[in-house]
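Step one of this worksheet: look at the structure below.
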Amino acid sequence: MYKYLLTGISIIAIAAMVSCSSDNELIEQDFGFEYFPLEIGDFREYSVTEVNFLTVGPDTSRYFIREEITDSVTNGGVVLFTLERSSRTLSTDPWKVDSLWTARVDCFEAIQVENNIPILKIQFPVADGKVWDSNLFNALDSIGYTSFLIDSDTLDDQVLKVEVANLPQNLVGRDERNEFYARGIGLINRDFITLKFDTSNGVATNDIESGRVLMQKLINYGKN
């Protein structure tokens, strides 16, 4: 269904890879840089369903998010791309810019600065079972991300699944968070479920004390 070209970020990433390599020899290997494409004009739009569990009960909101790469600057040989994030409640509403993030590929690492916090989103080359510290470039506690290449029902190529957390439901809570990336597109899905169950009476129940469920799905993408 999708045909992939060598994007600008692939060229930049290969150049960075050569400069970071100890022997400066380019190895014939699929590193998977296309899972994190960065080119000015690229945009992605998502539908989002978010449920926050409060003391008064669940609060559900539905809205849309748009991400567009609007600019870039070179700093120390690394290209930093500006990611403009907009949101709206209804599909007929105008987009309103609410934040600016940055993203880059530095050697073998895709780094996105979200709300001033740099997060190591993907480590290249992509591979099943690869584990890295997502907080390597900030002062937060270490969090291990794990990558998997999985078959897709709708895409011709494999999807990159990044497991952010994997704590299935137990007596006290549940924490399962995943992000999914497609070649030439980038992030296509984000599924986050973080729940804490009520154990105030010394008895484990399935009553949710607090938590958050977020489902973010790609509905449109392209280039301006």
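Residues are referred to by chain and number: the chain letter is A, B, ... according to the order shown in the structure tokens, the number counts from 1 in that chain, and ligands are numbered separately from 1 in the order shown.
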* Quick one: everything within 12 Å of A:Val203, counting only C-alpha atoms, minus sequence neighbours fewer than 6 positions away in the same chain. Send it as a PyMOL selection string. => chain A and resi 171-172+197
Would you mind exporting N, CA, C and O atoms of the selected residues as a PDB file, in the first residue's frame?
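To be explicit, this is the file written out as out21.pdb:
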ATOM      1  N   LEU A 171      -3.483  -6.823  41.617  1.00  0.00           N
ATOM      2  CA  LEU A 171      -4.386  -6.463  42.702  1.00  0.00           C
ATOM      3  C   LEU A 171      -4.421  -4.970  42.992  1.00  0.00           C
ATOM      4  O   LEU A 171      -5.420  -4.457  43.514  1.00  0.00           O
ATOM      5  N   VAL A 172      -3.339  -4.265  42.665  1.00  0.00           N
ATOM      6  CA  VAL A 172      -3.273  -2.845  43.041  1.00  0.00           C
ATOM      7  C   VAL A 172      -3.358  -1.898  41.852  1.00  0.00           C
ATOM      8  O   VAL A 172      -3.602  -0.702  42.027  1.00  0.00           O
ATOM      9  N   PHE A 197      -5.939   0.840  41.749  1.00  0.00           N
ATOM     10  CA  PHE A 197      -7.184   0.342  42.321  1.00  0.00           C
ATOM     11  C   PHE A 197      -7.295   0.699  43.802  1.00  0.00           C
ATOM     12  O   PHE A 197      -6.281   0.861  44.507  1.00  0.00           O
TER      13      PHE A 197
END
* Using only C-alpha atoms, which residues sit within 7 Å of A:Asn224 once same-chain residues fewer than 2 positions away are excluded, as an MDAnalysis selection string? -> chainID A and resid 41:42 222
Any chance you could tabulate, as a tab-separated table, the residues of stretch 81-168 of chain A at most 10 Å from stretch 43-50 of chain A with each one's nearest atom pair and distance in Å to one decimal, using only C-alpha atoms, in chain and rising number order?
residue	atom	partner	partner_atom	distance
A:Leu83	CA	A:Phe43	CA	9.1
A:Glu84	CA	A:Phe43	CA	9.2
A:Arg85	CA	A:Phe43	CA	9.7
A:Ser86	CA	A:Glu45	CA	9.3
A:Ser87	CA	A:Glu45	CA	9.3
A:Arg88	CA	A:Ser47	CA	9.9
A:Thr89	CA	A:Ser47	CA	9.7
A:Leu90	CA	A:Ser47	CA	10.0
A:Ser91	CA	A:Ser47	CA	9.3
Output file for the residues above (C-alpha atoms, as a CSV table (one decimal), in the first residue's frame):
chain,number,residue,atom,x,y,z
A,83,LEU,CA,7.3,20.3,16.0
A,84,GLU,CA,4.3,22.6,16.2
A,85,ARG,CA,1.4,21.0,18.1
A,86,SER,CA,-2.2,22.2,17.7
A,87,SER,CA,-5.5,20.9,19.1
A,88,ARG,CA,-9.2,21.3,18.6
A,89,THR,CA,-12.3,19.8,20.1
A,90,LEU,CA,-14.4,19.4,17.0
A,91,SER,CA,-13.3,18.5,13.5
* To do: Mind listing the strand (DSSP E) residues of stretch 1-222 of chain A, per DSSP on the backbone, as JSON, numbers by chain?
  => {"A": [42, 43, 44, 45, 46, 47, 48, 49, 50, 51, 52, 53, 54, 57, 58, 59, 60, 61, 62, 63, 64, 65, 66, 67, 68, 69, 70, 71, 72, 73, 74, 75, 78, 79, 80, 81, 82, 83, 84, 85, 86, 87, 88, 96, 97, 98, 99, 100, 101, 102, 103, 104, 105, 106, 109, 110, 111, 112, 113, 114, 117, 118, 119, 120, 121, 122, 123, 130, 131, 132, 133, 144, 145, 146, 147, 148, 149, 150, 159, 160, 161, 162, 163, 164, 165, 166, 167, 173, 174, 175, 176, 177, 178, 179, 180, 181, 182, 186, 187, 188, 189, 190, 191, 192, 193, 194, 195, 196, 197, 208, 209, 210, 211, 212, 213, 214, 215, 216, 217, 218, 219, 220, 221, 222]}
* Quote the spacing between atom CA of A:Thr92 and atom CA of A:Arg190 in Å to one decimal place. => 23.4 Å
* Asked: Contacts of A:Phe31 at 6 Å or less, counting only C-alpha atoms, minus same-chain residues fewer than 6 places along, as a VMD selection string?
  -> chain A and resid 124 to 126
Grab the residues selected above and save them as a PDB file, in the first residue's frame with N, CA, C and O atoms.
ATOM      1  N   PHE A 124      18.259   3.209  17.265  1.00  0.00           N
ATOM      2  CA  PHE A 124      18.527   2.506  16.012  1.00  0.00           C
ATOM      3  C   PHE A 124      19.816   1.682  16.115  1.00  0.00           C
ATOM      4  O   PHE A 124      20.705   2.024  16.881  1.00  0.00           O
ATOM      5  N   PRO A 125      19.926   0.610  15.308  1.00  0.00           N
ATOM      6  CA  PRO A 125      18.909   0.085  14.402  1.00  0.00           C
ATOM      7  C   PRO A 125      17.763  -0.558  15.170  1.00  0.00           C
ATOM      8  O   PRO A 125      17.959  -1.092  16.257  1.00  0.00           O
ATOM      9  N   VAL A 126      16.559  -0.496  14.601  1.00  0.00           N
ATOM     10  CA  VAL A 126      15.407  -1.081  15.271  1.00  0.00           C
ATOM     11  C   VAL A 126      15.546  -2.602  15.272  1.00  0.00           C
ATOM     12  O   VAL A 126      16.070  -3.202  14.334  1.00  0.00           O
TER      13      VAL A 126
END
* **Straight-line distance linking atom CA of A:Ile69 with atom CA of A:Leu38, stated in Å to one decimal** => 7.3 Å
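Among the candidates A:Asp157, A:Ser152, A:Leu167, A:Gly32, the one nearest to A:Phe108 when counting only C-alpha atoms is A:Gly32.
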